[in-house]
$ cat input_13.cif   # mmCIF, C-alpha atoms and all ligand atoms
data_coords
loop_
_atom_site.label_atom_id
_atom_site.label_comp_id
_atom_site.auth_asym_id
_atom_site.auth_seq_id
_atom_site.Cartn_x
_atom_site.Cartn_y
_atom_site.Cartn_z
CA MET A 1 142.79 175.52 80.90
CA GLN A 2 141.02 177.90 83.27
CA THR A 3 137.65 177.00 81.69
CA THR A 4 138.32 173.25 81.92
CA LEU A 5 139.24 173.61 85.59
CA THR A 6 136.09 175.66 86.26
CA LEU A 7 133.89 173.01 84.62
CA LEU A 8 135.66 170.18 86.44
CA LEU A 9 135.29 171.85 89.84
CA ALA A 10 131.62 172.64 89.15
CA ALA A 11 130.94 169.00 88.17
CA LEU A 12 132.71 167.76 91.32
CA ALA A 13 130.86 170.22 93.55
CA MET A 14 127.46 169.30 92.12
CA THR A 15 128.21 165.56 92.40
CA PHE A 16 128.97 166.12 96.08
CA ILE A 17 125.79 168.19 96.55
CA VAL A 18 123.57 165.61 94.77
CA ALA A 19 125.10 162.78 96.84
CA ALA A 20 124.70 164.74 100.10
CA ARG A 21 121.10 165.64 99.22
CA TYR A 22 120.36 161.97 98.53
CA LEU A 23 121.93 160.76 101.79
CA ILE A 24 120.17 163.41 103.89
CA VAL A 25 116.69 163.13 102.33
CA SER A 26 116.65 159.34 101.85
CA GLY A 27 118.27 158.86 105.27
CA GLY A 28 115.65 161.10 106.87
CA PHE A 29 112.70 159.31 105.30
CA ALA A 30 114.27 155.88 105.98
CA ALA A 31 114.54 156.85 109.66
CA LEU A 32 110.90 157.99 109.61
CA THR A 33 109.93 154.64 108.06
CA ARG A 34 111.80 152.69 110.75
CA ALA A 35 110.00 154.72 113.42
CA ARG A 36 106.49 154.45 111.95
CA HIS A 37 106.65 151.10 110.14
CA PRO A 38 109.44 148.96 111.67
CA GLU A 39 107.84 145.88 110.05
CA LEU A 40 109.11 147.10 106.66
CA TYR A 41 112.67 146.43 107.82
CA ALA A 42 111.84 143.26 109.79
CA ASP A 43 113.56 140.86 107.34
CA SER A 44 116.84 142.41 108.39
CA ALA A 45 119.52 140.38 106.54
CA ARG A 46 117.79 140.52 103.18
CA ARG A 47 116.73 144.11 103.74
CA THR A 48 120.25 145.22 104.75
CA ALA A 49 121.72 143.68 101.59
CA GLN A 50 119.07 145.41 99.47
CA VAL A 51 119.65 148.80 101.15
CA ARG A 52 123.41 148.44 100.56
CA ARG A 53 122.77 147.83 96.86
CA GLU A 54 120.34 150.76 96.70
CA ILE A 55 122.86 153.13 98.29
CA GLY A 56 125.70 151.94 96.02
CA TRP A 57 123.72 152.41 92.82
CA SER A 58 122.33 155.74 94.07
CA LEU A 59 125.80 157.15 94.79
CA SER A 60 126.96 156.16 91.30
CA ALA A 61 123.84 157.90 89.97
CA ALA A 62 124.76 161.01 91.99
CA ALA A 63 127.91 161.40 89.90
CA ILE A 64 126.02 160.92 86.65
CA TYR A 65 123.38 163.49 87.72
CA GLY A 66 126.02 165.80 89.23
CA ILE A 67 128.19 166.20 86.13
CA PRO A 68 125.56 167.76 83.80
CA ALA A 69 124.16 169.72 86.77
CA GLY A 70 127.64 171.13 87.46
CA LEU A 71 128.14 172.04 83.83
CA VAL A 72 124.78 173.87 83.87
CA MET A 73 125.75 175.70 87.05
CA ALA A 74 129.03 176.84 85.48
CA ALA A 75 127.31 177.77 82.20
CA TRP A 76 124.83 179.88 84.19
CA ARG A 77 127.07 181.55 86.78
CA ARG A 78 130.26 181.94 84.76
CA PHE A 79 129.11 182.29 81.20
CA GLY A 80 125.43 183.38 81.37
CA ALA A 81 124.70 180.75 78.76
CA THR A 82 121.42 179.33 80.15
CA GLU A 83 117.81 180.57 80.35
CA ILE A 84 117.96 180.59 84.17
CA TYR A 85 117.12 184.10 85.40
CA THR A 86 117.37 185.96 88.69
CA ASP A 87 114.88 188.85 88.33
CA PRO A 88 111.49 187.34 89.29
CA LEU A 89 109.69 189.75 86.94
CA ALA A 90 111.94 189.15 83.95
CA HIS A 91 109.22 187.01 82.30
CA GLY A 92 106.23 188.14 84.40
CA TRP A 93 104.53 186.72 87.50
CA LEU A 94 102.38 184.37 85.47
CA TRP A 95 105.36 182.59 83.94
CA LEU A 96 107.15 182.56 87.30
CA LEU A 97 104.26 180.49 88.66
CA ALA A 98 103.54 178.50 85.49
CA SER A 99 107.15 177.51 84.88
CA VAL A 100 107.07 175.00 87.78
CA PRO A 101 104.12 172.89 86.49
CA VAL A 102 105.41 173.25 82.91
CA TYR A 103 108.83 171.88 83.88
CA LEU A 104 107.24 169.11 85.97
CA PHE A 105 104.90 168.12 83.13
CA LEU A 106 107.74 168.00 80.59
CA HIS A 107 109.86 165.97 83.01
CA ASP A 108 106.94 163.66 83.71
CA SER A 109 106.25 163.17 79.98
CA TYR A 110 109.91 162.40 79.25
CA PHE A 111 110.04 160.02 82.20
CA TYR A 112 106.82 158.21 81.23
CA TRP A 113 107.93 157.46 77.67
CA THR A 114 111.55 156.59 78.45
CA HIS A 115 110.31 154.44 81.34
CA ARG A 116 107.94 152.53 79.04
CA LEU A 117 110.75 152.11 76.56
CA MET A 118 113.01 150.68 79.26
CA HIS A 119 110.36 148.05 80.02
CA ARG A 120 110.81 146.58 76.56
CA PRO A 121 112.67 143.27 76.98
CA ALA A 122 115.69 144.37 74.95
CA LEU A 123 116.33 147.36 77.22
CA PHE A 124 114.96 146.17 80.56
CA ARG A 125 117.87 143.98 81.56
CA ARG A 126 120.51 146.45 80.37
CA MET A 127 119.00 149.63 81.82
CA HIS A 128 116.15 149.16 84.26
CA ALA A 129 116.45 145.79 86.05
CA VAL A 130 118.63 147.37 88.74
CA HIS A 131 115.81 149.67 89.83
CA HIS A 132 113.36 146.74 89.98
CA ASP A 133 115.80 144.68 92.05
CA SER A 134 114.30 146.51 95.02
CA ARG A 135 111.34 144.34 95.97
CA PRO A 136 109.74 146.15 97.63
CA PRO A 137 111.82 149.35 97.39
CA THR A 138 112.88 151.46 100.36
CA ALA A 139 113.49 155.20 100.71
CA TRP A 140 117.10 154.48 99.68
CA ALA A 141 115.96 153.32 96.22
CA ALA A 142 115.11 156.85 95.02
CA MET A 143 118.23 156.98 92.82
CA SER A 144 118.94 153.26 92.55
CA PHE A 145 119.54 153.17 88.81
CA HIS A 146 121.92 151.44 86.44
CA PRO A 147 124.32 154.03 84.93
CA TRP A 148 122.50 153.85 81.56
CA GLU A 149 119.22 154.68 83.24
CA SER A 150 120.89 157.46 85.25
CA LEU A 151 122.27 158.93 82.06
CA SER A 152 118.87 158.98 80.40
CA GLY A 153 117.32 160.60 83.50
CA ALA A 154 120.08 163.12 84.16
CA LEU A 155 119.97 164.98 80.88
CA LEU A 156 116.46 166.37 80.52
CA ILE A 157 116.38 169.21 83.07
CA PRO A 158 119.95 170.35 82.25
CA ALA A 159 118.84 170.48 78.58
CA LEU A 160 115.57 172.33 79.35
CA VAL A 161 117.33 175.20 81.14
CA PHE A 162 119.05 176.06 77.85
CA ILE A 163 115.67 176.28 76.09
CA ILE A 164 112.87 177.31 78.49
CA PRO A 165 113.35 180.28 80.85
CA ILE A 166 113.06 179.50 84.56
CA HIS A 167 113.80 181.57 87.67
CA TRP A 168 116.40 179.95 89.90
CA ALA A 169 113.88 179.69 92.78
CA ALA A 170 111.31 177.98 90.52
CA LEU A 171 114.05 175.56 89.46
CA ALA A 172 114.79 174.91 93.14
CA VAL A 173 111.08 174.09 93.65
CA VAL A 174 111.17 171.65 90.69
CA LEU A 175 114.28 169.93 92.08
CA THR A 176 112.73 169.76 95.57
CA VAL A 177 109.54 168.16 94.22
CA MET A 178 111.70 165.72 92.22
CA THR A 179 113.72 164.79 95.32
CA VAL A 180 110.84 164.48 97.80
CA PHE A 181 108.53 162.52 95.47
CA GLY A 182 111.44 160.33 94.32
CA VAL A 183 112.11 159.32 97.92
CA THR A 184 108.59 159.14 99.37
CA ASN A 185 107.24 157.14 96.41
CA HIS A 186 109.66 154.33 97.31
CA MET A 187 109.15 154.23 101.08
CA GLY A 188 106.67 151.35 101.07
CA TRP A 189 103.98 153.31 102.91
CA GLU A 190 101.76 156.24 102.11
CA ILE A 191 102.73 159.59 103.58
CA PHE A 192 99.75 161.56 102.33
CA PRO A 193 96.50 161.52 104.29
CA ARG A 194 93.60 159.53 102.89
CA SER A 195 91.52 162.67 102.43
CA TRP A 196 94.17 164.03 100.04
CA LEU A 197 94.22 160.83 98.00
CA GLU A 198 90.45 160.82 97.66
CA SER A 199 90.54 164.41 96.49
CA GLY A 200 91.68 165.92 93.20
CA PHE A 201 95.27 165.67 94.49
CA GLY A 202 95.18 161.85 94.51
CA ARG A 203 93.44 161.68 91.15
CA VAL A 204 96.17 163.79 89.56
CA MET A 205 99.38 163.10 91.50
CA ILE A 206 101.46 159.95 91.83
CA THR A 207 102.30 158.99 95.39
CA ALA A 208 103.84 155.93 97.08
CA SER A 209 100.80 153.68 96.75
CA HIS A 210 100.66 154.32 93.00
CA HIS A 211 104.37 153.78 92.29
CA HIS A 212 104.45 150.78 94.66
CA LEU A 213 102.09 149.00 92.26
CA HIS A 214 104.55 149.62 89.42
CA HIS A 215 107.27 147.87 91.43
CA ARG A 216 104.94 144.93 92.05
CA ASN A 217 103.23 144.54 88.66
CA TYR A 218 105.85 146.09 86.34
CA ARG A 219 103.56 146.85 83.38
CA CYS A 220 101.46 149.68 84.80
CA ASN A 221 101.78 153.05 86.56
CA TYR A 222 104.84 154.26 84.65
CA GLY A 223 104.51 157.98 85.47
CA LEU A 224 106.70 160.12 87.71
CA TYR A 225 104.58 162.95 89.17
CA PHE A 226 101.23 162.86 87.39
CA ARG A 227 98.76 160.10 86.42
CA PHE A 228 98.05 161.93 83.15
CA TRP A 229 99.98 159.74 80.68
CA ASP A 230 99.03 156.52 82.47
CA ARG A 231 95.36 157.45 82.18
CA VAL A 232 95.69 158.59 78.54
CA CYS A 233 97.53 155.38 77.56
CA GLY A 234 95.44 153.00 79.68
CA THR A 235 98.34 151.96 81.93
CA ASP A 236 96.95 153.37 85.18
CA GLN A 237 96.01 150.61 87.63
CA GLY A 238 95.33 152.79 90.64
CA TRP A 239 96.87 152.09 94.03
CA ALA A 240 98.68 149.12 95.58
CA LYS A 241 96.42 147.12 97.88
CA GLU A 242 99.29 146.16 100.17
CA LEU A 243 99.60 149.78 101.17
CA THR A 244 95.95 149.92 102.08
CA HIS A 245 94.36 148.80 105.29
CA ASP A 246 90.78 149.38 104.25
CA GLN A 247 90.28 147.16 101.25
CA GLU A 248 86.57 146.72 101.75
CA THR A 249 85.93 150.37 101.05
CA PRO A 250 84.69 150.98 97.49
CA ALA A 251 87.40 152.36 95.21
CA ILE A 252 87.47 156.08 94.72
CA GLY A 253 89.58 157.67 92.04
CA ASN A 254 90.99 154.39 90.81
CA THR A 255 90.87 153.09 87.28
CA GLY A 256 92.15 149.59 87.99
CA GLY A 257 89.93 148.51 90.84
CA ALA A 258 92.50 148.85 93.61
CA ALA A 259 91.00 149.75 96.93
CA VAL A 260 91.08 153.14 98.44
CA LEU A 261 93.93 153.92 100.79
CA GLY A 262 93.23 153.45 104.40
CA ARG A 263 95.18 154.34 107.52
CA THR A 264 98.84 154.95 107.00
CA GLY A 265 99.62 153.54 110.43
CA SER A 266 100.44 149.87 110.84
ZN ZN B 1 110.67 153.14 91.33
ZN ZN B 2 109.95 150.39 85.90
#
$ encode --input "input_13.cif" --output "structure tokens" --more "lines below"
Ligand SMILES: [Zn+2]
Ligand SMILES: [Zn+2]
Amino acid sequence: MQTTLTLLLAALAMTFIVAARYLIVSGGFAALTRARHPELYADSARRTAQVRREIGWSLSAAAIYGIPAGLVMAAWRRFGATEIYTDPLAHGWLWLLASVPVYLFLHDSYFYWTHRLMHRPALFRRMHAVHHDSRPPTAWAAMSFHPWESLSGALLIPALVFIIPIHWAALAVVLTVMTVFGVTNHMGWEIFPRSWLESGFGRVMITASHHHLHHRNYRCNYGLYFRFWDRVCGTDQGWAKELTHDQETPAIGNTGGAAVLGRTGS
């Protein structure tokens, strides 16, 4: 009885934390978007209805993400049953640093293949159409998923912490990257400077202009953090032209002919 209550309270607490994190981070970036690109919210009636849907689906996703996260938290703090550790040197400095990209790569790989699967006609309508209802998405769409899609996305990291050791701070970095990229990639404008996108960063990482093209064209740019699997599988189409303001510039770092990103200002 005591154990059941502990697990229940942990699941409730984490659901609240995930929902609060979503509202604060998405709300913050949505406010930044309104300040820097008010034209993205110009079609107010349609946009307001879309944002309402995005928030509703995202809050339902918060519960689905929060329950396994709460169970992991209880398993770690109460029962010591996970591979989360607190001594930074327990597995050496090298692993402390490497664990973040390893977790991100595994998450990215899982996301890429499940995402491609969800674009198959039989699954798209049941699992993924909700996310693509946002046309174009806003910062509030970061967790706008049908419950089946949320379930598929919520399980990987809670499962990994039972298998692959990770320091709690490294896990916090992974979750922060997940949150910030999840929100900024849906904002409808590019937050990173052009010089970054033309560098190795832009050739490796997925940012708003890359994911925006997925929301427009559907059958390309399936990745989450990295362009690796899209490049390997030939699904990388570069950046969305509508986020660029410098389309005459020859493409740099693109595989699909999209123009290089220009100013991020309107
Ligand atoms: Zn998306
Ligand atoms: Zn998709």
$ closest_residue --input "input_13.cif" --among "A:Phe16, A:Phe162, A:Tyr22, A:Phe124" --to "Thr179 (chain A)" --atoms "only C-alpha atoms"
A:Tyr22
$ residues_around --input "input_13.cif" --residues "Ala159 (chain A)" --least-positions-apart "2" --cutoff "10 Å" --atoms "all atoms listed in the file" --output "VMD selection string"
chain A and resid 68 to 69 72 82 154 to 157 161 to 164
$ write_last_selection --input "input_13.cif" --atoms "C-alpha atoms" --output "compact mmCIF listing (two decimals), keeping the file's coordinate frame"
# COMPACT_ATOMS: atom_id res chain seq x y z
CA PRO A 68 125.56 167.76 83.80
CA ALA A 69 124.16 169.72 86.77
CA VAL A 72 124.78 173.87 83.87
CA THR A 82 121.42 179.33 80.15
CA ALA A 154 120.08 163.12 84.16
CA LEU A 155 119.97 164.98 80.88
CA LEU A 156 116.46 166.37 80.52
CA ILE A 157 116.38 169.21 83.07
CA VAL A 161 117.33 175.20 81.14
CA PHE A 162 119.05 176.06 77.85
CA ILE A 163 115.67 176.28 76.09
CA ILE A 164 112.87 177.31 78.49
$ closest_residue --input "input_13.cif" --among "A:Ile24, A:Ala129, A:Ala122, A:Met14" --to "ligand ZN 2 (chain B)" --atoms "all atoms listed in the file"
A:Ala129
$ residues_near_ligand --input "input_13.cif" --ligand "ligand ZN 1 (chain B)" --cutoff "7 Å" --atoms "all atoms listed in the file" --output "list of chain:residue names"
A:His131, A:Ala142, A:His186, A:His211, A:His215
$ residues_near_point --input "input_13.cif" --point "(124.3, 149.3, 92.1)" --cutoff "12 Å" --atoms "only C-alpha atoms" --output "ChimeraX atom specification"
/A:49-62,127-134,140-141,143-150
$ write_last_selection --input "input_13.cif" --atoms "C-alpha atoms" --output "PDB file, in the frame of the given file"
ATOM      1  CA  ALA A  49     121.720 143.680 101.590  1.00  0.00           C
ATOM      2  CA  GLN A  50     119.070 145.410  99.470  1.00  0.00           C
ATOM      3  CA  VAL A  51     119.650 148.800 101.150  1.00  0.00           C
ATOM      4  CA  ARG A  52     123.410 148.440 100.560  1.00  0.00           C
ATOM      5  CA  ARG A  53     122.770 147.830  96.860  1.00  0.00           C
ATOM      6  CA  GLU A  54     120.340 150.760  96.700  1.00  0.00           C
ATOM      7  CA  ILE A  55     122.860 153.130  98.290  1.00  0.00           C
ATOM      8  CA  GLY A  56     125.700 151.940  96.020  1.00  0.00           C
ATOM      9  CA  TRP A  57     123.720 152.410  92.820  1.00  0.00           C
ATOM     10  CA  SER A  58     122.330 155.740  94.070  1.00  0.00           C
ATOM     11  CA  LEU A  59     125.800 157.150  94.790  1.00  0.00           C
ATOM     12  CA  SER A  60     126.960 156.160  91.300  1.00  0.00           C
ATOM     13  CA  ALA A  61     123.840 157.900  89.970  1.00  0.00           C
ATOM     14  CA  ALA A  62     124.760 161.010  91.990  1.00  0.00           C
ATOM     15  CA  MET A 127     119.000 149.630  81.820  1.00  0.00           C
ATOM     16  CA  HIS A 128     116.150 149.160  84.260  1.00  0.00           C
ATOM     17  CA  ALA A 129     116.450 145.790  86.050  1.00  0.00           C
ATOM     18  CA  VAL A 130     118.630 147.370  88.740  1.00  0.00           C
ATOM     19  CA  HIS A 131     115.810 149.670  89.830  1.00  0.00           C
ATOM     20  CA  HIS A 132     113.360 146.740  89.980  1.00  0.00           C
ATOM     21  CA  ASP A 133     115.800 144.680  92.050  1.00  0.00           C
ATOM     22  CA  SER A 134     114.300 146.510  95.020  1.00  0.00           C
ATOM     23  CA  TRP A 140     117.100 154.480  99.680  1.00  0.00           C
ATOM     24  CA  ALA A 141     115.960 153.320  96.220  1.00  0.00           C
ATOM     25  CA  MET A 143     118.230 156.980  92.820  1.00  0.00           C
ATOM     26  CA  SER A 144     118.940 153.260  92.550  1.00  0.00           C
ATOM     27  CA  PHE A 145     119.540 153.170  88.810  1.00  0.00           C
ATOM     28  CA  HIS A 146     121.920 151.440  86.440  1.00  0.00           C
ATOM     29  CA  PRO A 147     124.320 154.030  84.930  1.00  0.00           C
ATOM     30  CA  TRP A 148     122.500 153.850  81.560  1.00  0.00           C
ATOM     31  CA  GLU A 149     119.220 154.680  83.240  1.00  0.00           C
ATOM     32  CA  SER A 150     120.890 157.460  85.250  1.00  0.00           C
TER      33      SER A 150
END
$ closest_residue --input "input_13.cif" --among "A:Trp93, A:Tyr41, A:Phe192, A:Trp229" --to "His115 (chain A)" --atoms "all atoms listed in the file"
A:Trp229
$ atom_distance --input "input_13.cif" --atom1 "CA of Ala11 (chain A)" --atom2 "CA of Gly66 (chain A)"
6.0 Å
$ atom_distance --input "input_13.cif" --atom1 "CA of Arg125 (chain A)" --atom2 "CA of Arg21 (chain A)"
28.1 Å
$ closest_residue --input "input_13.cif" --among "A:Gln2, A:Thr114, A:Thr184, A:Ser195" --to "ligand ZN 2 (chain B)" --atoms "all atoms listed in the file"
A:Thr114
$ closest_residue --input "input_13.cif" --among "A:Arg78, A:Arg116, A:Arg194, A:Arg203" --to "ligand ZN 2 (chain B)" --atoms "only C-alpha atoms and all ligand atoms"
A:Arg116
$ closest_residue --input "input_13.cif" --among "A:Arg231, A:Arg219, A:His167, A:His212" --to "Pro137 (chain A)" --atoms "all atoms listed in the file"
A:His212
$ residues_near_point --input "input_13.cif" --point "(111.2, 177.8, 88.3)" --cutoff "8 Å" --atoms "all atoms listed in the file" --output "PyMOL selection string"
chain A and resi 96-97+99-100+103+166-174
$ atom_distance --input "input_13.cif" --atom1 "CA of Val204 (chain A)" --atom2 "CA of Trp95 (chain A)"
21.7 Å
$ residues_around --input "input_13.cif" --residues "Leu213 (chain A)" --least-positions-apart "3" --cutoff "8 Å" --atoms "all atoms listed in the file" --output "ChimeraX atom specification"
/A:209-210,216-218,220-221,237-240
$ residues_around --input "input_13.cif" --residues "region 3-6 of chain A" --least-positions-apart "4" --cutoff "12 Å" --atoms "all atoms listed in the file" --output "list in words"
Ala10, Ala11, Leu12, Ala13, Gly70, Leu71, Val72, Met73, Ala74, Ala75, Arg77, Arg78 and Phe79 of chain A
$ write_last_selection --input "input_13.cif" --atoms "C-alpha atoms" --output "short mmCIF file (atom, residue, chain, number, x, y, z; two decimals), in the frame of the given file"
data_model
loop_
_atom_site.label_atom_id
_atom_site.label_comp_id
_atom_site.auth_asym_id
_atom_site.auth_seq_id
_atom_site.Cartn_x
_atom_site.Cartn_y
_atom_site.Cartn_z
CA ALA A 10 131.62 172.64 89.15
CA ALA A 11 130.94 169.00 88.17
CA LEU A 12 132.71 167.76 91.32
CA ALA A 13 130.86 170.22 93.55
CA GLY A 70 127.64 171.13 87.46
CA LEU A 71 128.14 172.04 83.83
CA VAL A 72 124.78 173.87 83.87
CA MET A 73 125.75 175.70 87.05
CA ALA A 74 129.03 176.84 85.48
CA ALA A 75 127.31 177.77 82.20
CA ARG A 77 127.07 181.55 86.78
CA ARG A 78 130.26 181.94 84.76
CA PHE A 79 129.11 182.29 81.20
#
$ residues_around --input "input_13.cif" --residues "His107 (chain A)" --least-positions-apart "2" --cutoff "9 Å" --atoms "all atoms listed in the file" --output "ChimeraX atom specification"
/A:102-105,109-112,156-157,224-225
$ axis_aligned_box --input "input_13.cif" --around "region 77-81 of chain A" --padding-each-side "8 Å" --output "AutoDock Vina command-line options"
--center_x 127.5 --center_y 182.1 --center_z 82.8 --size_x 21.6 --size_y 18.6 --size_z 24.0
$ build_atoms --input "input_13.cif" --residues "region 31-60 of chain A" --atoms "N, CA and C atoms" --output "PDB file, keeping the file's coordinate frame"
ATOM      1  N   ALA A  31     114.656 156.819 108.198  1.00  0.00           N
ATOM      2  CA  ALA A  31     114.540 156.850 109.660  1.00  0.00           C
ATOM      3  C   ALA A  31     113.071 156.978 110.068  1.00  0.00           C
ATOM      4  N   LEU A  32     112.332 157.825 109.330  1.00  0.00           N
ATOM      5  CA  LEU A  32     110.900 157.990 109.610  1.00  0.00           C
ATOM      6  C   LEU A  32     110.168 156.663 109.393  1.00  0.00           C
ATOM      7  N   THR A  33     110.551 155.940 108.337  1.00  0.00           N
ATOM      8  CA  THR A  33     109.930 154.640 108.060  1.00  0.00           C
ATOM      9  C   THR A  33     110.205 153.657 109.189  1.00  0.00           C
ATOM     10  N   ARG A  34     111.447 153.607 109.643  1.00  0.00           N
ATOM     11  CA  ARG A  34     111.800 152.690 110.750  1.00  0.00           C
ATOM     12  C   ARG A  34     110.983 153.012 111.999  1.00  0.00           C
ATOM     13  N   ALA A  35     110.754 154.311 112.230  1.00  0.00           N
ATOM     14  CA  ALA A  35     110.000 154.720 113.420  1.00  0.00           C
ATOM     15  C   ALA A  35     108.518 154.383 113.280  1.00  0.00           C
ATOM     16  N   ARG A  36     107.944 154.608 112.109  1.00  0.00           N
ATOM     17  CA  ARG A  36     106.490 154.450 111.950  1.00  0.00           C
ATOM     18  C   ARG A  36     106.099 153.052 111.467  1.00  0.00           C
ATOM     19  N   HIS A  37     106.976 152.423 110.691  1.00  0.00           N
ATOM     20  CA  HIS A  37     106.650 151.100 110.140  1.00  0.00           C
ATOM     21  C   HIS A  37     107.857 150.163 110.260  1.00  0.00           C
ATOM     22  N   PRO A  38     108.250 149.818 111.486  1.00  0.00           N
ATOM     23  CA  PRO A  38     109.440 148.960 111.670  1.00  0.00           C
ATOM     24  C   PRO A  38     109.289 147.619 110.965  1.00  0.00           C
ATOM     25  N   GLU A  39     108.045 147.182 110.709  1.00  0.00           N
ATOM     26  CA  GLU A  39     107.840 145.880 110.050  1.00  0.00           C
ATOM     27  C   GLU A  39     108.413 145.867 108.632  1.00  0.00           C
ATOM     28  N   LEU A  40     108.575 147.050 108.023  1.00  0.00           N
ATOM     29  CA  LEU A  40     109.110 147.100 106.660  1.00  0.00           C
ATOM     30  C   LEU A  40     110.593 146.744 106.610  1.00  0.00           C
ATOM     31  N   TYR A  41     111.257 146.803 107.762  1.00  0.00           N
ATOM     32  CA  TYR A  41     112.670 146.430 107.820  1.00  0.00           C
ATOM     33  C   TYR A  41     112.871 145.163 108.669  1.00  0.00           C
ATOM     34  N   ALA A  42     111.776 144.408 108.875  1.00  0.00           N
ATOM     35  CA  ALA A  42     111.840 143.260 109.790  1.00  0.00           C
ATOM     36  C   ALA A  42     112.754 142.147 109.270  1.00  0.00           C
ATOM     37  N   ASP A  43     112.725 141.909 107.945  1.00  0.00           N
ATOM     38  CA  ASP A  43     113.560 140.860 107.340  1.00  0.00           C
ATOM     39  C   ASP A  43     114.969 141.419 107.206  1.00  0.00           C
ATOM     40  N   SER A  44     115.680 141.526 108.327  1.00  0.00           N
ATOM     41  CA  SER A  44     116.840 142.410 108.390  1.00  0.00           C
ATOM     42  C   SER A  44     117.994 142.039 107.460  1.00  0.00           C
ATOM     43  N   ALA A  45     118.353 140.733 107.358  1.00  0.00           N
ATOM     44  CA  ALA A  45     119.520 140.380 106.540  1.00  0.00           C
ATOM     45  C   ALA A  45     119.277 140.690 105.074  1.00  0.00           C
ATOM     46  N   ARG A  46     118.105 140.263 104.584  1.00  0.00           N
ATOM     47  CA  ARG A  46     117.790 140.520 103.180  1.00  0.00           C
ATOM     48  C   ARG A  46     117.628 142.014 102.931  1.00  0.00           C
ATOM     49  N   ARG A  47     116.995 142.681 103.878  1.00  0.00           N
ATOM     50  CA  ARG A  47     116.730 144.110 103.740  1.00  0.00           C
ATOM     51  C   ARG A  47     118.046 144.901 103.768  1.00  0.00           C
ATOM     52  N   THR A  48     118.971 144.521 104.657  1.00  0.00           N
ATOM     53  CA  THR A  48     120.250 145.220 104.750  1.00  0.00           C
ATOM     54  C   THR A  48     121.018 145.091 103.446  1.00  0.00           C
ATOM     55  N   ALA A  49     121.013 143.883 102.865  1.00  0.00           N
ATOM     56  CA  ALA A  49     121.720 143.680 101.590  1.00  0.00           C
ATOM     57  C   ALA A  49     121.084 144.533 100.506  1.00  0.00           C
ATOM     58  N   GLN A  50     119.758 144.597 100.495  1.00  0.00           N
ATOM     59  CA  GLN A  50     119.070 145.410  99.470  1.00  0.00           C
ATOM     60  C   GLN A  50     119.398 146.894  99.645  1.00  0.00           C
ATOM     61  N   VAL A  51     119.366 147.376 100.896  1.00  0.00           N
ATOM     62  CA  VAL A  51     119.650 148.800 101.150  1.00  0.00           C
ATOM     63  C   VAL A  51     121.087 149.127 100.729  1.00  0.00           C
ATOM     64  N   ARG A  52     122.012 148.211 100.989  1.00  0.00           N
ATOM     65  CA  ARG A  52     123.410 148.440 100.560  1.00  0.00           C
ATOM     66  C   ARG A  52     123.491 148.610  99.054  1.00  0.00           C
ATOM     67  N   ARG A  53     122.781 147.721  98.342  1.00  0.00           N
ATOM     68  CA  ARG A  53     122.770 147.830  96.860  1.00  0.00           C
ATOM     69  C   ARG A  53     122.147 149.150  96.431  1.00  0.00           C
ATOM     70  N   GLU A  54     121.032 149.523  97.062  1.00  0.00           N
ATOM     71  CA  GLU A  54     120.340 150.760  96.700  1.00  0.00           C
ATOM     72  C   GLU A  54     121.250 151.974  96.906  1.00  0.00           C
ATOM     73  N   ILE A  55     121.984 151.991  98.014  1.00  0.00           N
ATOM     74  CA  ILE A  55     122.860 153.130  98.290  1.00  0.00           C
ATOM     75  C   ILE A  55     124.023 153.165  97.290  1.00  0.00           C
ATOM     76  N   GLY A  56     124.579 152.004  96.986  1.00  0.00           N
ATOM     77  CA  GLY A  56     125.700 151.940  96.020  1.00  0.00           C
ATOM     78  C   GLY A  56     125.299 152.470  94.655  1.00  0.00           C
ATOM     79  N   TRP A  57     124.177 151.948  94.134  1.00  0.00           N
ATOM     80  CA  TRP A  57     123.720 152.410  92.820  1.00  0.00           C
ATOM     81  C   TRP A  57     123.357 153.899  92.864  1.00  0.00           C
ATOM     82  N   SER A  58     122.760 154.342  93.974  1.00  0.00           N
ATOM     83  CA  SER A  58     122.330 155.740  94.070  1.00  0.00           C
ATOM     84  C   SER A  58     123.536 156.677  94.094  1.00  0.00           C
ATOM     85  N   LEU A  59     124.623 156.274  94.769  1.00  0.00           N
ATOM     86  CA  LEU A  59     125.800 157.150  94.790  1.00  0.00           C
ATOM     87  C   LEU A  59     126.465 157.215  93.424  1.00  0.00           C
ATOM     88  N   SER A  60     126.419 156.096  92.670  1.00  0.00           N
ATOM     89  CA  SER A  60     126.960 156.160  91.300  1.00  0.00           C
ATOM     90  C   SER A  60     126.069 157.070  90.454  1.00  0.00           C
TER      91      SER A  60
END
